[in-house]
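Asks: Input structure: run21.csv, which contains CSV, C-alpha atoms.
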```
chain,number,residue,atom,x,y,z
U,1,GLN,CA,20.3,-10.3,37.7
U,2,GLU,CA,19.2,-9.1,34.3
U,3,VAL,CA,15.9,-10.4,33.0
U,4,LEU,CA,15.4,-10.7,29.3
U,5,ARG,CA,12.1,-10.9,27.4
U,6,VAL,CA,11.5,-11.9,23.8
U,7,TYR,CA,8.9,-9.6,22.2
U,8,SER,CA,8.3,-11.9,19.2
U,9,THR,CA,7.8,-10.6,15.6
U,10,ASN,CA,6.0,-7.4,16.4
U,11,SER,CA,5.8,-4.2,14.5
U,12,SER,CA,6.6,-0.9,16.3
U,13,ALA,CA,2.9,-0.1,16.5
U,14,MET,CA,2.2,-3.5,18.1
U,15,LEU,CA,5.0,-3.0,20.5
U,16,TRP,CA,3.6,0.3,21.6
U,17,MET,CA,0.0,-1.0,21.9
U,18,THR,CA,1.0,-4.2,23.7
U,19,TYR,CA,4.1,-3.3,25.8
U,20,GLY,CA,4.0,0.5,25.8
U,21,PHE,CA,7.3,1.3,24.2
U,22,ILE,CA,8.9,1.8,20.8
U,23,GLU,CA,12.6,1.0,20.2
U,24,ASP,CA,15.0,3.9,20.4
U,25,GLY,CA,17.3,4.8,17.6
U,26,ASP,CA,17.0,4.6,13.8
U,27,GLY,CA,17.6,0.9,13.4
U,28,GLU,CA,15.0,-0.9,11.2
U,29,ASN,CA,12.5,-3.3,12.6
U,30,PRO,CA,12.3,-6.2,10.1
U,31,PHE,CA,8.7,-6.8,11.2
U,32,GLU,CA,7.6,-3.2,10.6
U,33,VAL,CA,4.1,-2.8,9.1
U,34,VAL,CA,2.1,0.3,8.2
U,35,GLY,CA,-1.5,0.8,7.2
U,36,ILE,CA,-2.8,2.9,4.3
U,37,SER,CA,-6.4,3.9,3.9
U,38,VAL,CA,-8.4,4.1,0.7
U,39,ASN,CA,-11.8,5.6,0.3
U,40,LEU,CA,-13.5,3.5,-2.3
U,41,HIS,CA,-16.2,6.0,-3.1
U,42,GLU,CA,-13.6,8.6,-3.8
U,43,ALA,CA,-11.6,6.1,-5.9
U,44,VAL,CA,-14.6,5.5,-8.2
U,45,ALA,CA,-15.9,9.0,-8.2
U,46,SER,CA,-14.7,9.8,-11.8
U,47,ASP,CA,-16.2,6.6,-13.3
U,48,ASP,CA,-19.5,6.4,-15.1
U,49,VAL,CA,-22.3,5.4,-12.8
U,50,ASP,CA,-22.6,1.9,-14.3
U,51,VAL,CA,-18.8,1.3,-13.9
U,52,GLN,CA,-19.0,2.5,-10.3
U,53,ARG,CA,-21.8,0.1,-9.5
U,54,ALA,CA,-20.0,-2.8,-11.2
U,55,LYS,CA,-16.8,-2.1,-9.2
U,56,LEU,CA,-18.5,-1.8,-5.9
U,57,ALA,CA,-20.6,-4.9,-6.5
U,58,ALA,CA,-17.4,-6.9,-7.2
U,59,LEU,CA,-15.9,-5.6,-4.0
U,60,ARG,CA,-19.0,-6.5,-2.0
U,61,ALA,CA,-18.9,-10.0,-3.6
U,62,ALA,CA,-15.4,-10.4,-2.2
U,63,ASP,CA,-16.8,-9.5,1.3
U,64,LEU,CA,-15.0,-6.1,1.3
U,65,LEU,CA,-16.8,-3.3,3.1
U,66,VAL,CA,-17.4,-0.5,0.6
U,67,GLN,CA,-19.2,1.9,3.0
U,68,GLN,CA,-16.0,2.7,4.8
U,69,PRO,CA,-12.4,3.2,3.9
U,70,LEU,CA,-10.4,0.0,3.2
U,71,VAL,CA,-7.2,-0.3,5.2
U,72,PHE,CA,-4.3,-2.2,3.7
U,73,GLU,CA,-1.4,-3.4,5.9
U,74,LEU,CA,1.9,-3.2,4.2
U,75,PRO,CA,4.0,-5.0,3.2
U,76,SER,CA,1.8,-8.1,3.6
U,77,ASP,CA,-1.2,-6.8,1.6
U,78,GLY,CA,1.1,-5.9,-1.2
U,79,GLU,CA,2.4,-9.4,-1.6
U,80,LEU,CA,1.0,-12.5,-3.3
U,81,GLY,CA,-2.3,-13.4,-1.5
U,82,GLY,CA,-2.8,-9.8,-0.3
U,83,THR,CA,-5.7,-7.6,-1.3
U,84,LEU,CA,-3.9,-4.4,-2.4
U,85,LEU,CA,-3.2,-5.3,-6.0
U,86,PRO,CA,-6.5,-7.1,-6.7
U,87,VAL,CA,-8.4,-4.1,-5.4
U,88,ALA,CA,-6.2,-1.7,-7.4
U,89,ARG,CA,-6.6,-3.7,-10.6
U,90,LEU,CA,-10.3,-3.7,-10.2
U,91,LEU,CA,-10.4,0.0,-9.5
U,92,ALA,CA,-8.1,0.6,-12.5
U,93,CYS,CA,-10.7,-0.9,-14.9
U,94,ARG,CA,-12.2,1.6,-17.3
U,95,THR,CA,-15.3,-0.1,-18.5
U,96,GLU,CA,-18.1,-2.2,-17.2
U,97,GLN,CA,-17.1,-5.0,-19.5
U,98,GLU,CA,-13.5,-4.9,-18.2
U,99,VAL,CA,-14.8,-5.1,-14.6
U,100,GLY,CA,-17.1,-8.0,-15.6
U,101,GLU,CA,-14.2,-9.9,-17.2
U,102,LEU,CA,-11.9,-9.4,-14.3
U,103,ALA,CA,-14.2,-9.7,-11.3
U,104,PRO,CA,-14.8,-13.5,-11.3
U,105,THR,CA,-11.1,-14.4,-10.7
U,106,ILE,CA,-9.5,-11.2,-9.4
U,107,PHE,CA,-9.6,-12.4,-5.7
U,108,SER,CA,-9.0,-16.1,-6.4
U,109,VAL,CA,-5.5,-16.0,-4.9
U,110,VAL,CA,-6.8,-14.2,-1.8
U,111,VAL,CA,-9.8,-16.5,-1.2
U,112,ASP,CA,-8.6,-20.0,-2.2
U,113,GLY,CA,-4.9,-19.6,-2.9
U,114,GLY,CA,-5.4,-20.2,-6.7
U,115,ALA,CA,-2.8,-19.3,-9.3
U,116,PRO,CA,-2.5,-15.6,-10.2
U,117,LYS,CA,-4.0,-14.4,-13.4
U,118,ASN,CA,-2.3,-12.1,-15.9
U,119,SER,CA,-4.8,-9.5,-16.8
U,120,GLY,CA,-2.5,-7.6,-19.1
U,121,LEU,CA,0.4,-5.2,-18.7
U,122,GLU,CA,-1.7,-2.1,-19.5
U,123,LEU,CA,-4.0,-2.8,-16.6
U,124,GLU,CA,-1.1,-3.6,-14.3
U,125,VAL,CA,0.5,-0.3,-15.0
U,126,ARG,CA,-2.7,1.5,-14.3
U,127,ALA,CA,-3.1,-0.4,-11.0
U,128,ARG,CA,0.5,0.4,-10.0
U,129,ARG,CA,0.0,4.1,-10.7
U,130,LEU,CA,-3.1,4.0,-8.6
U,131,ILE,CA,-1.2,2.4,-5.7
U,132,ALA,CA,1.6,5.0,-6.1
U,133,GLU,CA,-1.0,7.7,-5.7
U,134,TRP,CA,-2.3,6.1,-2.5
U,135,LEU,CA,1.3,5.8,-1.2
U,136,ARG,CA,2.2,9.4,-1.9
U,137,ARG,CA,-0.9,10.5,-0.1
U,138,ALA,CA,0.0,8.3,2.8
U,139,LEU,CA,3.5,9.8,2.9
U,140,HIS,CA,2.0,13.3,2.8
U,141,ASP,CA,-0.3,12.4,5.7
U,142,SER,CA,2.5,10.9,7.6
U,143,ASP,CA,4.7,14.0,7.1
U,144,THR,CA,1.8,16.3,8.2
U,145,ALA,CA,1.2,14.2,11.4
U,146,MET,CA,4.9,14.1,12.2
U,147,SER,CA,5.1,17.8,11.9
U,148,LYS,CA,2.2,18.3,14.2
U,149,HIS,CA,3.8,16.1,16.9
U,150,GLN,CA,7.1,17.9,16.5
U,151,ASP,CA,5.4,21.2,16.9
U,152,LYS,CA,3.7,20.0,20.1
U,153,LEU,CA,7.1,19.0,21.5
U,154,VAL,CA,8.4,22.5,20.8
U,155,THR,CA,5.4,24.7,21.7
U,156,GLY,CA,3.6,22.4,24.1
U,157,ILE,CA,-0.2,22.1,24.6
U,158,ASP,CA,-1.7,25.5,25.3
U,159,GLY,CA,1.8,26.7,26.0
U,160,LYS,CA,2.5,23.8,28.4
U,161,CYS,CA,3.5,20.2,27.8
U,162,SER,CA,3.5,17.7,30.7
U,163,LYS,CA,6.1,14.9,30.7
U,164,GLN,CA,3.4,12.4,29.9
U,165,HIS,CA,2.1,14.4,26.9
U,166,GLN,CA,5.7,14.9,25.7
U,167,HIS,CA,6.4,11.2,26.0
U,168,LEU,CA,3.3,10.4,23.9
U,169,HIS,CA,4.2,12.9,21.2
U,170,GLU,CA,7.8,11.5,21.1
U,171,LEU,CA,6.5,7.9,20.7
U,172,ALA,CA,4.0,9.0,18.0
U,173,GLU,CA,6.7,10.8,16.1
U,174,ARG,CA,9.1,7.9,16.4
U,175,LEU,CA,6.4,5.5,15.2
U,176,LEU,CA,5.8,7.5,12.1
U,177,ARG,CA,9.5,7.8,11.4
U,178,ARG,CA,9.9,4.0,11.7
U,179,GLU,CA,6.9,3.3,9.4
U,180,ARG,CA,8.0,5.7,6.7
U,181,PRO,CA,10.6,3.4,5.1
U,182,VAL,CA,7.9,0.8,4.4
U,183,LEU,CA,5.9,3.3,2.4
U,184,GLU,CA,9.0,4.5,0.6
U,185,LEU,CA,10.0,1.0,-0.4
U,186,GLU,CA,6.6,0.2,-1.8
U,187,LEU,CA,6.4,3.5,-3.7
U,188,ARG,CA,9.9,2.9,-5.2
U,189,ALA,CA,8.9,-0.5,-6.3
U,190,CYS,CA,5.7,0.9,-8.0
U,191,ASP,CA,7.5,3.7,-9.7
U,192,GLU,CA,10.3,1.5,-11.0
U,193,PHE,CA,7.8,-1.0,-12.4
U,194,VAL,CA,5.7,1.7,-14.0
U,195,ALA,CA,8.7,3.5,-15.5
U,196,GLU,CA,10.1,0.3,-17.1
U,197,ALA,CA,6.7,-0.9,-18.3
U,198,ALA,CA,5.9,2.5,-19.8
U,199,LYS,CA,9.0,2.4,-22.0
U,200,VAL,CA,7.7,-1.0,-23.3
U,201,LEU,CA,4.2,0.2,-23.9
U,202,GLN,CA,5.2,3.4,-25.6
U,203,GLY,CA,7.1,1.4,-28.3
U,204,SER,CA,5.9,2.4,-31.7
U,205,SER,CA,3.9,-0.1,-33.7
U,206,ARG,CA,6.3,0.7,-36.5
U,207,ASP,CA,9.2,-0.3,-34.4
U,208,GLY,CA,9.9,-3.9,-35.3
U,209,GLY,CA,11.5,-4.6,-32.0
U,210,ALA,CA,8.7,-3.3,-29.8
U,211,ASP,CA,6.9,-6.6,-29.6
U,212,SER,CA,10.0,-8.5,-28.7
U,213,ARG,CA,10.9,-6.0,-26.0
U,214,ARG,CA,7.5,-6.3,-24.5
U,215,ALA,CA,7.7,-10.1,-24.6
U,216,ALA,CA,11.1,-9.9,-22.9
U,217,PHE,CA,9.8,-7.6,-20.2
U,218,GLU,CA,6.8,-9.7,-19.4
U,219,ALA,CA,8.9,-12.9,-19.3
U,220,GLU,CA,11.2,-11.2,-16.8
U,221,GLN,CA,8.4,-9.6,-14.7
U,222,TRP,CA,5.7,-12.3,-14.8
U,223,ASP,CA,5.8,-15.8,-13.2
U,224,ASP,CA,2.8,-18.2,-13.5
U,225,GLU,CA,3.2,-19.2,-9.8
U,226,THR,CA,3.9,-15.8,-8.2
U,227,GLY,CA,2.4,-13.3,-10.6
U,228,TRP,CA,3.9,-9.9,-11.4
U,229,LEU,CA,7.3,-9.2,-9.8
U,230,GLY,CA,6.9,-8.0,-6.2
U,231,ALA,CA,3.1,-8.0,-6.1
U,232,GLY,CA,1.4,-11.3,-7.2
```
Kindly transcribe the structure held in the file into structure tokens.
Replies:
Amino acid sequence: QEVLRVYSTNSSAMLWMTYGFIEDGDGENPFEVVGISVNLHEAVASDDVDVQRAKLAALRAADLLVQQPLVFELPSDGELGGTLLPVARLLACRTEQEVGELAPTIFSVVVDGGAPKNSGLELEVRARRLIAEWLRRALHDSDTAMSKHQDKLVTGIDGKCSKQHQHLHELAERLLRRERPVLELELRACDEFVAEAAKVLQGSSRDGGADSRRAAFEAEQWDDETGWLGAG
């Protein structure tokens, strides 16, 4: 008699860690998640010292560990109440004053579920560009890791590849392949937002319709309850 088990709402990584398998085939797992890592000290390296200190102090105040890379779990951390956009907005600030104005409320949605705050389209575009950079790096790292696993399957380890090692490399390669669409979807959303917003921001001040186009864009993309479209 066939025995069926319900594996609940698990990502491929959780299925592997908990049950020792990843689903075959190319079908999408609706509960897929993927982590991206951000080194905060590298992210602020080009800032003036005072701006660096202000940003790191704001992150510490939000109980985020700044001495080690931050890991964001997508898609959840990219949604309303997640930490990805608040951190990116903070890191996208250019001056100590801008950090000081943003820091007191930037994590209010994460901490107490407060209403999102519109800190301006210019800052949002800079934050989305920063996230796009992180996502491209994550995709590059994923491709590199996938290539290494594929090479191991072809060449083996020291010229040999046991069935156990081969199975592990196959699972690792399958996991990376299944996680990739999550990164691609997040990157596409960032790129589309930035491209449309850039058109609005590049409108000439002599263009009488520029202000109205910006107002229309913000009305379409911003909601007082959910924040910027797709990100909070």
Asks: Would you work out the distance separating atom CA of Val182 of chain U from atom CA of Ile36 of chain U, expressed in Å to one decimal?
Replies: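 One can read the atom CA of Val182 of chain U to atom CA of Ile36 of chain U distance as 10.9 Å.
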Asks: How close does each residue of segment 158-208 of chain U get to segment 112-128 of chain U, giving the shortest atom pair and distance in Å to one decimal for every residue with an atom at most 12 Å away, counting all atoms listed in the file, sorted by chain and residue number, as CSV?
Replies:
```
residue,atom,partner,partner_atom,distance
U:Glu186,CA,U:Arg128,CA,10.2
U:Leu187,CA,U:Arg128,CA,9.2
U:Arg188,CA,U:Arg128,CA,10.8
U:Ala189,CA,U:Arg128,CA,9.2
U:Cys190,CA,U:Arg128,CA,5.6
U:Asp191,CA,U:Arg128,CA,7.7
U:Glu192,CA,U:Arg128,CA,9.9
U:Phe193,CA,U:Val125,CA,7.8
U:Val194,CA,U:Val125,CA,5.7
U:Ala195,CA,U:Val125,CA,9.1
U:Glu196,CA,U:Val125,CA,9.8
U:Ala197,CA,U:Val125,CA,7.0
U:Ala198,CA,U:Val125,CA,7.7
U:Lys199,CA,U:Val125,CA,11.3
U:Val200,CA,U:Leu121,CA,9.6
U:Leu201,CA,U:Glu122,CA,7.7
U:Gln202,CA,U:Glu122,CA,10.7
```
Asks: What does the distance from atom CA of Phe107 of chain U to atom CA of Val44 of chain U come to in Å, to one decimal?
Replies: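 Interatomic distance here is 18.8 Å.
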Asks: Report, in Å with one decimal, the straight-line distance from atom CA of His169 of chain U to atom CA of Asn10 of chain U.
Replies: 20.9 Å
Asks: Can you tell me, as a PyMOL selection string, what residues are no more than 10 Å from segment 147-154 of chain U when counting all atoms listed in the file, ignoring any on the same chain fewer than 5 positions away?
Replies: chain U and resi 141-142+159-162+165-174
Asks: Using only C-alpha atoms, find the one residue out of U:Met146, U:Leu135, U:Val38, U:Leu84 that sits nearest to Pro69 of chain U.
Replies: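 Ranking U:Met146, U:Leu135, U:Val38, U:Leu84 by distance to Pro69 of chain U, first place goes to U:Val38.
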Asks: Need to verify the contact set: segment 12-20 of chain U, 12 Å, only C-alpha atoms, exclusion of same-chain residues closer than 4 positions in sequence. Can you return it as a list in words?
Replies: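 The neighbour list is Arg5, Val6, Tyr7, Ser8, Asp24, Gly27, Glu28, Asn29, Pro30, Phe31, Glu32, Val33, Val34, Gly35, Glu73, His167, Leu168, Glu170, Leu171, Ala172, Glu173, Arg174, Leu175, Leu176, Arg177, Arg178, Glu179 and Arg180 of chain U.
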Asks: Do a neighbour search on Leu59 of chain U at 12 Å with all atoms listed in the file, toss out local chain neighbours closer than 6 positions, and write the hits as a ChimeraX atom specification.
Replies: /U:40-41,44,52-53,65-67,70,83,86-91,99-100,102-104,106-107
Asks: Take the residues that were just selected and, keeping C-alpha atoms, output them as a PDB file, keeping the file's coordinate frame.
Replies:
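out02.pdb written:
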```pdb
ATOM      1  CA  LEU U  40     -13.500   3.500  -2.300  1.00  0.00           C
ATOM      2  CA  HIS U  41     -16.200   6.000  -3.100  1.00  0.00           C
ATOM      3  CA  VAL U  44     -14.600   5.500  -8.200  1.00  0.00           C
ATOM      4  CA  GLN U  52     -19.000   2.500 -10.300  1.00  0.00           C
ATOM      5  CA  ARG U  53     -21.800   0.100  -9.500  1.00  0.00           C
ATOM      6  CA  LEU U  65     -16.800  -3.300   3.100  1.00  0.00           C
ATOM      7  CA  VAL U  66     -17.400  -0.500   0.600  1.00  0.00           C
ATOM      8  CA  GLN U  67     -19.200   1.900   3.000  1.00  0.00           C
ATOM      9  CA  LEU U  70     -10.400   0.000   3.200  1.00  0.00           C
ATOM     10  CA  THR U  83      -5.700  -7.600  -1.300  1.00  0.00           C
ATOM     11  CA  PRO U  86      -6.500  -7.100  -6.700  1.00  0.00           C
ATOM     12  CA  VAL U  87      -8.400  -4.100  -5.400  1.00  0.00           C
ATOM     13  CA  ALA U  88      -6.200  -1.700  -7.400  1.00  0.00           C
ATOM     14  CA  ARG U  89      -6.600  -3.700 -10.600  1.00  0.00           C
ATOM     15  CA  LEU U  90     -10.300  -3.700 -10.200  1.00  0.00           C
ATOM     16  CA  LEU U  91     -10.400   0.000  -9.500  1.00  0.00           C
ATOM     17  CA  VAL U  99     -14.800  -5.100 -14.600  1.00  0.00           C
ATOM     18  CA  GLY U 100     -17.100  -8.000 -15.600  1.00  0.00           C
ATOM     19  CA  LEU U 102     -11.900  -9.400 -14.300  1.00  0.00           C
ATOM     20  CA  ALA U 103     -14.200  -9.700 -11.300  1.00  0.00           C
ATOM     21  CA  PRO U 104     -14.800 -13.500 -11.300  1.00  0.00           C
ATOM     22  CA  ILE U 106      -9.500 -11.200  -9.400  1.00  0.00           C
ATOM     23  CA  PHE U 107      -9.600 -12.400  -5.700  1.00  0.00           C
TER      24      PHE U 107
END
```
Asks: Between U:Ala219, U:Arg214, U:Leu85, U:Leu74, which is the closest to Pro181 of chain U once you count all atoms listed in the file?
Replies: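 Closest residue, counting all atoms listed in the file: U:Leu74.
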